[in-house]
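Undergrad: Right, I'll just put the structure down here and ask away after.
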Amino acid sequence: MNLRDKRFLVFGTGKSGVSAAKLLKSQQLAVKLYDGNENLDRMAFYEKNPDLSDVELITGTLPEKEMHHVDILVVSPGVPVDLPVVTAMWEQGTAVWGEIELAYAFAKGDILAITGTNGKTTTTTLLGKIMEERYDDVMVVGNIGIPYTSMAEQTTEKTVTVAEISSFQLETIHTFAPKVTAILNITPDHLNRHHTMENYIAVKESITKNQTPDDLCVLNYEDEALRTFGESLETRVFWFSSARALQDGCYLQDGTIFLSEGGRATEIVRTEKLHLLGRHNYENVMAAAAMAYGYGVPLADIRKALLCFTAVEHRIEYTVEKRGIQFYNDSKGTNPDAAIQGIKAMDRPTFLIGGGYDKDSSYGEWIDAFEGKVKELVLIGQTREKIAETAREHGFEAVTLADSLEEAVHICYEHAAPGDAVLLSPACASWGMFADYEERGRRFKEIARSLKE
């Protein structure tokens with residue numbers, strides 16, 4: 001598509017929107033910025049982003065005349081596509097893109113893309129490390145915190161880009177066509193945005209929609225929806241499983257991860273040599289290894305990267321030990337299923353901090369997963385009463401409510417004994433108390449490290 005005569009409106013002034021506007025401006029394309037917050041401090045925005053000082057910023061209600069002067073609306077991931085203003089522009093024939101689609105229009109080289117409800121960041125980071133063992137020009141972008149639009153212009157035909165892609169970002173792809181994709185798992189999440197599980201599954205699976213039969217999709221064999229989906233794909237499929245041996249795929253058996261082709265299995269790595277905890281992390285390892293191998297990376301390079309890799313920040317991240325009590329930051333456990341994996345990884349009695357923003361999740365399975373590991377649940381945020389009620393309904397009575405993360409950490413520290421763990425794994429988003437899960441995780445670490453022995 002020739003974009004030279006197109007008029008762009010970028011919806012959203014956060015990190016993603018700013019990066020999109022900068023990319024468009026650097027390409028000398030017609031662009032305006034829009035934010036629905038009529039109280040947005042324009043002066044502060046331009047002071048923070050001086051290179052956008054000559055880009056018009058519209059705030060509040062978008063005037064109808066502006067809507068008719070837009071060819072492509074670029075929405076940030078946090079902007080629901082069913083907002084009336086977005087729907088109206090779609091209905092009038094305006095193209096609606098996200099930052100992934102916009103970046104892809106300008107990027108060069110091959111892209112390997114990862115989605116799934118849980119494990120995306122660890123798998124993306126790990127795959128990036130594997131690629132760096134083999135290739136000189138590797139970029140890791142996307143939902144991991146580095147907008148793809150901020151790196152697109154730096155890519156060349158030799159660039160290998162590894163991207164973490166969220167369901168929000170997949171809603172607005174059109175031509176985005178990775179050489180290798182992976183869908184790690186699909187469990188209920190963001191239903192306040194996608195409304196039904198069927199919609200959520202369809203959005204996740206759309207990461208493959210532009211792949212060809214020569215491309216590759218890596219799928220979790222133990223996810224029933226993905227197993228059915230994989231059987232219908234024309235794209236090449238490579239499976240991974242933590243529960244059974246596979247003829248073709250990666251699998252975990254007796255503490256060893258194997259790669260099998262045509263029933264001929266080769267050992268990749270013993271899990272005891274990895275610097276990662278939990279079966280869910282071994283699934284992430286298998287997915288990353290399968291993607292890399294499918295792209296052409298030798299097993300020796302894959303193995304070398306796996307043995308050096310450590311857990312990513314905010315995902316069951318060891319923080320500090322005080323008075324014999326170990327603290328773990330799992331702030332990225334922003335939904336019940338992710339938080340279940342955090343609990344499963346704990347190998348000692350645990351004081352658990354949960355709660356936060358309500359994404360219309362249910363918490364019964366999370367409570368049931370405590371399995372005698374959790375000594376006390378300390379709850380914060382908007383969901384604390386809802387989760388406390390669910391805990392009591394499921395027979396778990398050791399629940400305490402706190403007014404802040406700091407109070408929650410201190411309660412855990414006062415009640416815990418040497419040999420116990422304190423785990424922040426909220427099962428909820430951070431919004432309302434923190435800007436994002438990263439700020440929540442950093443604050444947890446600050447509080448834990450400041451505790452007196």
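The chains in the structure tokens are called A, B, ... from first to last as shown; in each chain the residues are counted from 1, and the ligands are counted from 1 in the order shown.
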Please identify the strand (DSSP E) residues within region 337-397 of chain A (assignment by DSSP from backbone atoms) and present them as a PyMOL selection string.

TA: chain A and resi 350-354+374-379

Undergrad: Just the selected residues (all heavy atoms), exported as a PDB file, in the first residue's frame, please.

TA:
```pdb
ATOM      1  N   THR A 350       4.069 -20.485  51.898  1.00  0.00           N
ATOM      2  CA  THR A 350       4.056 -19.179  51.230  1.00  0.00           C
ATOM      3  C   THR A 350       2.984 -18.244  51.785  1.00  0.00           C
ATOM      4  O   THR A 350       1.833 -18.648  51.982  1.00  0.00           O
ATOM      5  CB  THR A 350       3.828 -19.376  49.721  1.00  0.00           C
ATOM      6  OG1 THR A 350       4.888 -20.183  49.187  1.00  0.00           O
ATOM      7  CG2 THR A 350       3.783 -18.047  48.985  1.00  0.00           C
ATOM      8  N   PHE A 351       3.389 -16.997  51.996  1.00  0.00           N
ATOM      9  CA  PHE A 351       2.450 -15.918  52.281  1.00  0.00           C
ATOM     10  C   PHE A 351       2.241 -15.179  50.960  1.00  0.00           C
ATOM     11  O   PHE A 351       3.193 -14.665  50.368  1.00  0.00           O
ATOM     12  CB  PHE A 351       3.021 -14.984  53.351  1.00  0.00           C
ATOM     13  CG  PHE A 351       2.962 -15.575  54.728  1.00  0.00           C
ATOM     14  CD1 PHE A 351       3.864 -16.563  55.119  1.00  0.00           C
ATOM     15  CD2 PHE A 351       1.991 -15.169  55.634  1.00  0.00           C
ATOM     16  CE1 PHE A 351       3.809 -17.131  56.375  1.00  0.00           C
ATOM     17  CE2 PHE A 351       1.921 -15.731  56.907  1.00  0.00           C
ATOM     18  CZ  PHE A 351       2.835 -16.709  57.275  1.00  0.00           C
ATOM     19  N   LEU A 352       0.999 -15.154  50.511  1.00  0.00           N
ATOM     20  CA  LEU A 352       0.678 -14.696  49.168  1.00  0.00           C
ATOM     21  C   LEU A 352      -0.019 -13.333  49.193  1.00  0.00           C
ATOM     22  O   LEU A 352      -1.002 -13.141  49.913  1.00  0.00           O
ATOM     23  CB  LEU A 352      -0.223 -15.722  48.483  1.00  0.00           C
ATOM     24  CG  LEU A 352      -0.757 -15.391  47.094  1.00  0.00           C
ATOM     25  CD1 LEU A 352       0.380 -15.227  46.096  1.00  0.00           C
ATOM     26  CD2 LEU A 352      -1.713 -16.490  46.621  1.00  0.00           C
ATOM     27  N   ILE A 353       0.489 -12.401  48.395  1.00  0.00           N
ATOM     28  CA  ILE A 353      -0.144 -11.085  48.235  1.00  0.00           C
ATOM     29  C   ILE A 353      -0.864 -11.066  46.896  1.00  0.00           C
ATOM     30  O   ILE A 353      -0.259 -11.291  45.847  1.00  0.00           O
ATOM     31  CB  ILE A 353       0.896  -9.948  48.288  1.00  0.00           C
ATOM     32  CG1 ILE A 353       1.620  -9.956  49.632  1.00  0.00           C
ATOM     33  CG2 ILE A 353       0.214  -8.597  48.058  1.00  0.00           C
ATOM     34  CD1 ILE A 353       2.784  -8.979  49.703  1.00  0.00           C
ATOM     35  N   GLY A 354      -2.179 -10.805  46.927  1.00  0.00           N
ATOM     36  CA  GLY A 354      -2.977 -10.793  45.713  1.00  0.00           C
ATOM     37  C   GLY A 354      -3.915  -9.603  45.680  1.00  0.00           C
ATOM     38  O   GLY A 354      -4.006  -8.819  46.618  1.00  0.00           O
ATOM     39  N   VAL A 374      -0.136 -22.270  50.626  1.00  0.00           N
ATOM     40  CA  VAL A 374      -0.359 -20.899  51.060  1.00  0.00           C
ATOM     41  C   VAL A 374      -0.810 -20.868  52.514  1.00  0.00           C
ATOM     42  O   VAL A 374      -1.855 -21.416  52.858  1.00  0.00           O
ATOM     43  CB  VAL A 374      -1.399 -20.196  50.160  1.00  0.00           C
ATOM     44  CG1 VAL A 374      -1.667 -18.778  50.659  1.00  0.00           C
ATOM     45  CG2 VAL A 374      -0.909 -20.163  48.714  1.00  0.00           C
ATOM     46  N   LYS A 375      -0.020 -20.217  53.364  1.00  0.00           N
ATOM     47  CA  LYS A 375      -0.350 -20.110  54.777  1.00  0.00           C
ATOM     48  C   LYS A 375      -1.312 -18.951  55.041  1.00  0.00           C
ATOM     49  O   LYS A 375      -2.154 -19.031  55.931  1.00  0.00           O
ATOM     50  CB  LYS A 375       0.929 -19.919  55.608  1.00  0.00           C
ATOM     51  CG  LYS A 375       1.858 -21.126  55.563  1.00  0.00           C
ATOM     52  CD  LYS A 375       3.154 -20.882  56.307  1.00  0.00           C
ATOM     53  CE  LYS A 375       2.974 -20.873  57.810  1.00  0.00           C
ATOM     54  NZ  LYS A 375       4.298 -20.822  58.511  1.00  0.00           N
ATOM     55  N   GLU A 376      -1.162 -17.883  54.271  1.00  0.00           N
ATOM     56  CA  GLU A 376      -2.036 -16.722  54.454  1.00  0.00           C
ATOM     57  C   GLU A 376      -2.118 -15.954  53.133  1.00  0.00           C
ATOM     58  O   GLU A 376      -1.124 -15.813  52.416  1.00  0.00           O
ATOM     59  CB  GLU A 376      -1.502 -15.808  55.557  1.00  0.00           C
ATOM     60  CG  GLU A 376      -2.409 -14.629  55.879  1.00  0.00           C
ATOM     61  CD  GLU A 376      -1.910 -13.815  57.068  1.00  0.00           C
ATOM     62  OE1 GLU A 376      -0.948 -14.269  57.747  1.00  0.00           O
ATOM     63  OE2 GLU A 376      -2.475 -12.733  57.319  1.00  0.00           O
ATOM     64  N   LEU A 377      -3.321 -15.466  52.828  1.00  0.00           N
ATOM     65  CA  LEU A 377      -3.560 -14.648  51.638  1.00  0.00           C
ATOM     66  C   LEU A 377      -3.835 -13.223  52.085  1.00  0.00           C
ATOM     67  O   LEU A 377      -4.791 -12.972  52.823  1.00  0.00           O
ATOM     68  CB  LEU A 377      -4.751 -15.200  50.858  1.00  0.00           C
ATOM     69  CG  LEU A 377      -5.238 -14.404  49.645  1.00  0.00           C
ATOM     70  CD1 LEU A 377      -4.145 -14.315  48.584  1.00  0.00           C
ATOM     71  CD2 LEU A 377      -6.508 -15.029  49.059  1.00  0.00           C
ATOM     72  N   VAL A 378      -2.994 -12.290  51.659  1.00  0.00           N
ATOM     73  CA  VAL A 378      -3.153 -10.880  52.022  1.00  0.00           C
ATOM     74  C   VAL A 378      -3.583 -10.133  50.765  1.00  0.00           C
ATOM     75  O   VAL A 378      -2.886 -10.158  49.750  1.00  0.00           O
ATOM     76  CB  VAL A 378      -1.845 -10.295  52.584  1.00  0.00           C
ATOM     77  CG1 VAL A 378      -2.051  -8.844  53.005  1.00  0.00           C
ATOM     78  CG2 VAL A 378      -1.370 -11.126  53.780  1.00  0.00           C
ATOM     79  N   LEU A 379      -4.730  -9.468  50.834  1.00  0.00           N
ATOM     80  CA  LEU A 379      -5.361  -8.904  49.650  1.00  0.00           C
ATOM     81  C   LEU A 379      -5.390  -7.386  49.662  1.00  0.00           C
ATOM     82  O   LEU A 379      -5.617  -6.765  50.709  1.00  0.00           O
ATOM     83  CB  LEU A 379      -6.794  -9.428  49.528  1.00  0.00           C
ATOM     84  CG  LEU A 379      -6.915 -10.934  49.279  1.00  0.00           C
ATOM     85  CD1 LEU A 379      -8.360 -11.387  49.455  1.00  0.00           C
ATOM     86  CD2 LEU A 379      -6.421 -11.285  47.873  1.00  0.00           C
TER      87      LEU A 379
END
```

Undergrad: For Ser166 (chain A), list every protein, DNA or RNA residue within 10 Å, evaluated using only C-alpha atoms, and leave out those in the same chain fewer than 5 positions away; present the list as a PyMOL selection string.

TA: chain A and resi 77+114-117+120+142-144+171+203-204+207

Undergrad: Tell me, as a ChimeraX atom specification, which residues lie within 10 Å of Asp214 (chain A), counting only C-alpha atoms; anything in the same chain fewer than 6 positions away does not count.

TA: /A:179-180,234-236

Undergrad: So which residues of region 160-209 of chain A fall under alpha helix (DSSP H) by DSSP, listed as number ranges by chain?

TA: A: 167-170, 191-194, 197-205

Undergrad: Write to file, as an mmCIF file, in the first residue's frame, the residues of the selection just made, with N, CA and C atoms.

TA:
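Printed below is part17.cif as written:
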```cif
data_model
loop_
_atom_site.group_PDB
_atom_site.id
_atom_site.type_symbol
_atom_site.label_atom_id
_atom_site.label_comp_id
_atom_site.auth_asym_id
_atom_site.auth_seq_id
_atom_site.Cartn_x
_atom_site.Cartn_y
_atom_site.Cartn_z
ATOM 1 N N SER A 167 -3.248 -9.822 22.873
ATOM 2 C CA SER A 167 -4.537 -9.919 22.182
ATOM 3 C C SER A 167 -5.015 -8.540 21.745
ATOM 4 N N PHE A 168 -4.720 -7.512 22.540
ATOM 5 C CA PHE A 168 -5.124 -6.158 22.158
ATOM 6 C C PHE A 168 -4.454 -5.752 20.844
ATOM 7 N N GLN A 169 -3.199 -6.125 20.691
ATOM 8 C CA GLN A 169 -2.466 -5.776 19.471
ATOM 9 C C GLN A 169 -2.928 -6.589 18.272
ATOM 10 N N LEU A 170 -3.381 -7.813 18.512
ATOM 11 C CA LEU A 170 -3.818 -8.675 17.414
ATOM 12 C C LEU A 170 -5.168 -8.254 16.844
ATOM 13 N N LEU A 191 -11.594 -10.606 29.548
ATOM 14 C CA LEU A 191 -12.949 -10.785 29.038
ATOM 15 C C LEU A 191 -13.756 -9.498 29.138
ATOM 16 N N ASN A 192 -13.302 -8.554 29.967
ATOM 17 C CA ASN A 192 -13.944 -7.241 29.978
ATOM 18 C C ASN A 192 -13.710 -6.497 28.669
ATOM 19 N N ARG A 193 -12.674 -6.877 27.941
ATOM 20 C CA ARG A 193 -12.346 -6.265 26.649
ATOM 21 C C ARG A 193 -12.913 -7.091 25.484
ATOM 22 N N HIS A 194 -12.723 -8.406 25.544
ATOM 23 C CA HIS A 194 -13.124 -9.263 24.422
ATOM 24 C C HIS A 194 -14.537 -9.830 24.570
ATOM 25 N N MET A 197 -15.224 -15.765 25.598
ATOM 26 C CA MET A 197 -14.040 -16.600 25.438
ATOM 27 C C MET A 197 -13.820 -16.931 23.966
ATOM 28 N N GLU A 198 -14.899 -17.080 23.218
ATOM 29 C CA GLU A 198 -14.788 -17.385 21.793
ATOM 30 C C GLU A 198 -14.075 -16.247 21.054
ATOM 31 N N ASN A 199 -14.424 -15.005 21.397
ATOM 32 C CA ASN A 199 -13.755 -13.851 20.783
ATOM 33 C C ASN A 199 -12.276 -13.825 21.134
ATOM 34 N N TYR A 200 -11.994 -14.100 22.398
ATOM 35 C CA TYR A 200 -10.605 -14.065 22.878
ATOM 36 C C TYR A 200 -9.762 -15.114 22.160
ATOM 37 N N ILE A 201 -10.294 -16.330 22.033
ATOM 38 C CA ILE A 201 -9.575 -17.405 21.347
ATOM 39 C C ILE A 201 -9.329 -17.029 19.885
ATOM 40 N N ALA A 202 -10.364 -16.494 19.222
ATOM 41 C CA ALA A 202 -10.240 -16.133 17.812
ATOM 42 C C ALA A 202 -9.180 -15.056 17.607
ATOM 43 N N VAL A 203 -9.107 -14.095 18.515
ATOM 44 C CA VAL A 203 -8.100 -13.038 18.399
ATOM 45 C C VAL A 203 -6.701 -13.623 18.554
ATOM 46 N N LYS A 204 -6.504 -14.488 19.525
ATOM 47 C CA LYS A 204 -5.196 -15.110 19.721
ATOM 48 C C LYS A 204 -4.777 -15.909 18.488
ATOM 49 N N GLU A 205 -5.705 -16.667 17.953
ATOM 50 C CA GLU A 205 -5.384 -17.522 16.804
ATOM 51 C C GLU A 205 -5.114 -16.720 15.536
#
```

Undergrad: So that I can check the surroundings of Ser232 (chain A), please list as a ChimeraX atom specification every protein, DNA and RNA residue that reaches within 12 Å of it, counting only C-alpha atoms and ignoring chain neighbours fewer than 4 positions away.

TA: /A:205,208-209,217,225-228,236-237

Undergrad: Given only C-alpha atoms as the basis, pick out the residue of A:Asn281, A:Ile316, A:Ala290, A:Thr155 nearest to Leu219 (chain A).

TA: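 The answer is A:Ala290, which sits nearest to Leu219 (chain A).
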
Undergrad: Of the candidates A:Gln211, A:Ser150, A:Thr59, A:Asn49, which shows the shortest atom-to-atom distance to Ser19 (chain A), using only C-alpha atoms?

TA: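 Among the listed residues, A:Ser150 lies closest to Ser19 (chain A).
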
Undergrad: Tell me which protein, DNA and RNA residues are within 10 Å of Glu393 (chain A), counting only C-alpha atoms, leaving out same-chain ones fewer than 6 positions away, and put them as a PyMOL selection string.

TA: chain A and resi 364+367+387

Undergrad: Please produce an output containing all heavy atoms for each residue in the selection, written as a compact mmCIF listing (two decimals), in the first residue's frame.

TA:
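Contents of result-v2.txt, freshly written:
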```txt
# COMPACT_ATOMS: atom_id res chain seq x y z
N GLY A 364 -11.82 -18.88 41.74
CA GLY A 364 -11.96 -20.16 42.43
C GLY A 364 -10.82 -21.13 42.16
O GLY A 364 -10.30 -21.75 43.10
N ILE A 367 -7.69 -20.13 44.07
CA ILE A 367 -7.76 -20.49 45.49
C ILE A 367 -7.53 -21.99 45.67
O ILE A 367 -6.79 -22.43 46.56
CB ILE A 367 -9.13 -20.10 46.09
CG1 ILE A 367 -9.40 -18.60 45.91
CG2 ILE A 367 -9.20 -20.50 47.56
CD1 ILE A 367 -8.46 -17.67 46.62
N ILE A 387 -12.29 -11.37 46.11
CA ILE A 387 -11.42 -12.54 46.27
C ILE A 387 -11.58 -13.15 47.66
O ILE A 387 -11.59 -14.38 47.81
CB ILE A 387 -9.95 -12.17 46.00
CG1 ILE A 387 -9.77 -11.73 44.54
CG2 ILE A 387 -9.03 -13.35 46.30
CD1 ILE A 387 -8.38 -11.20 44.21
```

Undergrad: So that I can see what lies close to Ile130 (chain A), please list as a PyMOL selection string the residues with an atom at most 12 Å from it, counting only C-alpha atoms and leaving out residues fewer than 4 positions away in the same chain.

TA: chain A and resi 123-126+134-136+138-140+160+162+285+287-293+295-309

Undergrad: Those selected residues, please, written with N, CA, C and O atoms and delivered as a tab-separated table (two decimals), in the first residue's frame.

TA:
```tsv
chain	number	residue	atom	x	y	z
A	123	THR	N	9.10	-16.27	27.24
A	123	THR	CA	9.40	-16.94	25.98
A	123	THR	C	10.02	-15.98	24.97
A	123	THR	O	10.99	-16.33	24.27
A	124	THR	N	9.49	-14.77	24.91
A	124	THR	CA	10.03	-13.77	23.98
A	124	THR	C	11.47	-13.41	24.34
A	124	THR	O	12.35	-13.36	23.47
A	125	THR	N	11.71	-13.16	25.61
A	125	THR	CA	13.05	-12.81	26.06
A	125	THR	C	14.03	-13.95	25.79
A	125	THR	O	15.15	-13.74	25.30
A	126	LEU	N	13.60	-15.17	26.10
A	126	LEU	CA	14.45	-16.34	25.88
A	126	LEU	C	14.73	-16.55	24.39
A	126	LEU	O	15.88	-16.80	24.00
A	134	ARG	N	23.06	-16.73	17.41
A	134	ARG	CA	23.24	-17.13	16.02
A	134	ARG	C	23.34	-15.96	15.05
A	134	ARG	O	24.04	-16.04	14.03
A	135	TYR	N	22.65	-14.85	15.38
A	135	TYR	CA	22.56	-13.74	14.43
A	135	TYR	C	23.09	-12.44	15.04
A	135	TYR	O	22.99	-12.22	16.24
A	136	ASP	N	23.62	-11.60	14.18
A	136	ASP	CA	24.23	-10.34	14.65
A	136	ASP	C	23.21	-9.23	14.87
A	136	ASP	O	23.43	-8.34	15.69
A	138	VAL	N	19.57	-8.65	16.00
A	138	VAL	CA	18.35	-9.18	16.61
A	138	VAL	C	17.68	-8.07	17.40
A	138	VAL	O	18.33	-7.34	18.15
A	139	MET	N	16.38	-7.94	17.25
A	139	MET	CA	15.60	-6.97	18.02
A	139	MET	C	14.47	-7.68	18.74
A	139	MET	O	13.84	-8.58	18.17
A	140	VAL	N	14.21	-7.29	19.98
A	140	VAL	CA	13.12	-7.85	20.77
A	140	VAL	C	12.15	-6.71	21.08
A	140	VAL	O	12.53	-5.72	21.71
A	160	VAL	N	16.55	-9.98	12.49
A	160	VAL	CA	15.59	-10.95	13.01
A	160	VAL	C	14.88	-10.28	14.19
A	160	VAL	O	15.52	-9.94	15.19
A	162	VAL	N	12.09	-10.43	17.17
A	162	VAL	CA	11.29	-11.30	18.04
A	162	VAL	C	10.28	-10.41	18.74
A	162	VAL	O	10.65	-9.43	19.39
A	285	VAL	N	10.35	-22.71	27.70
A	285	VAL	CA	11.63	-23.15	27.12
A	285	VAL	C	11.39	-23.98	25.87
A	285	VAL	O	12.04	-23.78	24.83
A	287	ALA	N	8.76	-23.96	23.90
A	287	ALA	CA	8.22	-23.12	22.82
A	287	ALA	C	9.31	-22.31	22.14
A	287	ALA	O	9.39	-22.25	20.91
A	288	ALA	N	10.18	-21.71	22.94
A	288	ALA	CA	11.29	-20.92	22.38
A	288	ALA	C	12.24	-21.79	21.58
A	288	ALA	O	12.69	-21.42	20.48
A	289	ALA	N	12.56	-22.97	22.12
A	289	ALA	CA	13.47	-23.88	21.43
A	289	ALA	C	12.87	-24.34	20.11
A	289	ALA	O	13.56	-24.41	19.08
A	290	ALA	N	11.57	-24.65	20.12
A	290	ALA	CA	10.91	-25.11	18.90
A	290	ALA	C	10.88	-24.02	17.84
A	290	ALA	O	11.11	-24.27	16.65
A	291	MET	N	10.62	-22.78	18.25
A	291	MET	CA	10.59	-21.67	17.30
A	291	MET	C	11.98	-21.46	16.68
A	291	MET	O	12.11	-21.28	15.47
A	292	ALA	N	12.99	-21.46	17.54
A	292	ALA	CA	14.35	-21.25	17.06
A	292	ALA	C	14.78	-22.37	16.11
A	292	ALA	O	15.34	-22.12	15.03
A	293	TYR	N	14.51	-23.61	16.50
A	293	TYR	CA	14.90	-24.75	15.68
A	293	TYR	C	14.17	-24.71	14.34
A	293	TYR	O	14.77	-24.96	13.28
A	295	TYR	N	13.21	-22.17	12.80
A	295	TYR	CA	13.75	-21.07	11.99
A	295	TYR	C	15.13	-21.41	11.43
A	295	TYR	O	15.60	-20.75	10.51
A	296	GLY	N	15.77	-22.44	12.02
A	296	GLY	CA	17.06	-22.87	11.50
A	296	GLY	C	18.23	-22.73	12.44
A	296	GLY	O	19.39	-22.91	12.03
A	297	VAL	N	17.98	-22.45	13.70
A	297	VAL	CA	19.07	-22.31	14.67
A	297	VAL	C	19.53	-23.69	15.12
A	297	VAL	O	18.71	-24.52	15.53
A	298	PRO	N	20.83	-23.99	15.08
A	298	PRO	CA	21.33	-25.29	15.51
A	298	PRO	C	21.06	-25.55	17.00
A	298	PRO	O	21.03	-24.61	17.80
A	299	LEU	N	20.88	-26.81	17.35
A	299	LEU	CA	20.60	-27.16	18.73
A	299	LEU	C	21.71	-26.73	19.68
A	299	LEU	O	21.45	-26.39	20.84
A	300	ALA	N	22.94	-26.72	19.22
A	300	ALA	CA	24.05	-26.31	20.09
A	300	ALA	C	23.88	-24.86	20.53
A	300	ALA	O	24.13	-24.52	21.70
A	301	ASP	N	23.45	-23.98	19.64
A	301	ASP	CA	23.22	-22.58	19.99
A	301	ASP	C	22.02	-22.44	20.91
A	301	ASP	O	22.02	-21.63	21.84
A	302	ILE	N	20.99	-23.23	20.64
A	302	ILE	CA	19.80	-23.20	21.49
A	302	ILE	C	20.17	-23.62	22.90
A	302	ILE	O	19.82	-22.96	23.89
A	303	ARG	N	20.89	-24.72	23.01
A	303	ARG	CA	21.28	-25.25	24.32
A	303	ARG	C	22.14	-24.25	25.10
A	303	ARG	O	21.95	-24.04	26.30
A	304	LYS	N	23.07	-23.62	24.43
A	304	LYS	CA	23.95	-22.65	25.08
A	304	LYS	C	23.16	-21.49	25.68
A	304	LYS	O	23.39	-21.09	26.82
A	305	ALA	N	22.18	-20.98	24.93
A	305	ALA	CA	21.37	-19.87	25.43
A	305	ALA	C	20.49	-20.30	26.60
A	305	ALA	O	20.32	-19.56	27.57
A	306	LEU	N	19.94	-21.50	26.52
A	306	LEU	CA	19.07	-22.00	27.60
A	306	LEU	C	19.82	-22.11	28.92
A	306	LEU	O	19.29	-21.77	29.98
A	307	LEU	N	21.05	-22.59	28.86
A	307	LEU	CA	21.81	-22.81	30.09
A	307	LEU	C	22.23	-21.51	30.76
A	307	LEU	O	22.51	-21.49	31.96
A	308	CYS	N	22.26	-20.41	30.00
A	308	CYS	CA	22.67	-19.12	30.55
A	308	CYS	C	21.49	-18.25	30.99
A	308	CYS	O	21.69	-17.24	31.67
A	309	PHE	N	20.29	-18.64	30.62
A	309	PHE	CA	19.14	-17.75	30.80
A	309	PHE	C	18.63	-17.76	32.24
A	309	PHE	O	18.55	-18.80	32.88
```
